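Asks: After the structure tokens below, expect a handful of questions from me.
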Amino acid sequence: MTHGVVGLAGPAGPARSALLETLATLRSPSTGDLEVLGHDVTRRAGRRAVRARLGLLPARFAWASGLSTHDFVAYASYYKCTPRRAVDAILERFGLSDAAAFEMDMLPQDLRLRAGLAATCVHEPEVVFLDEPLSGIGDSEREELIPLLRGLAPAVVVTAADPAELTGWCDRGFSMVRGRLIESPCVPLPRARVPAGV
């Protein structure tokens with residue numbers, strides 16, 4: 001997989017979700033070969049070898065009611081076997097330190113997304129898959145979040161229902177048309193370092 005941000009436009013539904021889940025090794029391909037980060041993920045050993053290097057945030061990620069932002073990310077950190085200090089570091093990186101004690105239910109949508117991203121990236125994955133992360137996010141929050149999304153990992157795959165949502169900030173773009181991926185033109189923004197706390 002190449003470095004940068006790959007945009008995938010297509011209607012929300014089982015086909016798009018199945019594609020992301022297959023790339024993230026949660027599903028096995030029904031036919032053919034699939035290599036992710038140099039490993040054949042059609043084989044159990046390949047999936048095991050690569051899973052710790054991947055992150056996936058579904059379109060409607062769930063959180064346990066009553067969990068604080070800190071505990072939500074800490075649970076992901078524990079599950080992914082990362083050091084305890086990684087939790088505070090990722091909360092600071094994603095601008096969540098002041099919201100760490102708040103319950104996830106109380107957060108506005110953009111901060112909930114940041115918390116989901118923090119949980120997805122607490123183990124510093126090499127590839128991150130995001131299913132419609134900006135759906136329902138306002139324009140001003142979107143402008144703040146796009147640089148963060150671009151800097152999540154060396155390679156990021158992001159989906160949207162409308163190709164226009166991906167234009168201007170993805171390095172490559174694809175559309176799903178009748179079950180096939182068609183490359184579409186994309187005009188990426190210049191790459192920039194993401195400052196801490198953005």
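Scheme for the structure tokens: letters A, B, ... for chains in order shown; per-chain residue numbers from 1; ligand numbers from 1 in order shown.
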Please identify all polymer residues within 7 Å of region 76-83 of chain A, counting only C-alpha atoms, omitting same-chain residues fewer than 6 positions from it, and present them as a list in words.
Replies: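 Contacts, in chain order: Ala119, Val122 and His123 of chain A.
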Asks: If you count only C-alpha atoms, which residues fall within 12 Å of region 25-32 of chain A, apart from same-chain ones fewer than 5 positions away, as number ranges by chain?
Replies: A: 17-20, 37, 39-56, 58, 127, 129
Asks: Which of region 87-153 of chain A end up as strand (DSSP E) when DSSP is run on this backbone - answer as number ranges by chain?
Replies: A: 127-130
Asks: So which residues touch Val156 (chain A) within 7 Å, counting only C-alpha atoms, skipping near sequence neighbours fewer than 2 positions away, as a list of chain:residue names?
Replies: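 Listing them by chain and then by number gives A:Gly4, A:Val5, A:Val6, A:Val127, A:Val128, A:Phe129, A:Ala153, A:Pro154, A:Val158.
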Asks: Counting only C-alpha atoms, which residues of region 56-153 of chain A fall within 9 Å of region 159-162 of chain A, and what is the closest atom pair for each with its distance in Å at one decimal, ordered by chain and rising number, as a tab-separated table?
Replies:
```
residue	atom	partner	partner_atom	distance
A:Phe129	CA	A:Thr159	CA	8.4
A:Leu130	CA	A:Thr159	CA	6.4
A:Asp131	CA	A:Thr159	CA	5.0
A:Glu132	CA	A:Ala160	CA	4.9
A:Pro133	CA	A:Thr159	CA	7.6
A:Leu134	CA	A:Ala160	CA	7.8
A:Ser135	CA	A:Ala160	CA	7.6
```
Asks: If you count only C-alpha atoms, which residues fall within 12 Å of region 164-167 of chain A, apart from same-chain ones fewer than 3 positions away, as number ranges by chain?
Replies: A: 5-10, 132-137, 139, 142-143, 146, 149-150, 157-161, 170-175, 184-189
Asks: I need the residue nearest Arg112 (chain A) from this list: A:Ala155, A:Asp98, A:Phe61, A:Ala86. Use only C-alpha atoms for the distance.
Replies: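 Answer, going by the shortest atom-to-atom distance: A:Phe61.
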Asks: CA of Pro163 (chain A) and CA of Pro108 (chain A) are how many Å apart?
Replies: 25.4 Å
Asks: In region 93-183 of chain A, what's alpha helix (DSSP H) per DSSP? Answer as an NGL selection string?
Replies: :A and (93 or 109-121 or 139-150)
Asks: Quick one: pull the distance between CA of Pro11 (chain A) and CA of Ile182 (chain A), Å, one decimal.
Replies: 14.0 Å
Asks: I'd like the interatomic distance between CA of Ala59 (chain A) and CA of Ala115 (chain A), to a tenth of an Å.
Replies: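 Computing the Euclidean distance for CA of Ala59 (chain A) and CA of Ala115 (chain A) yields 13.7 Å.
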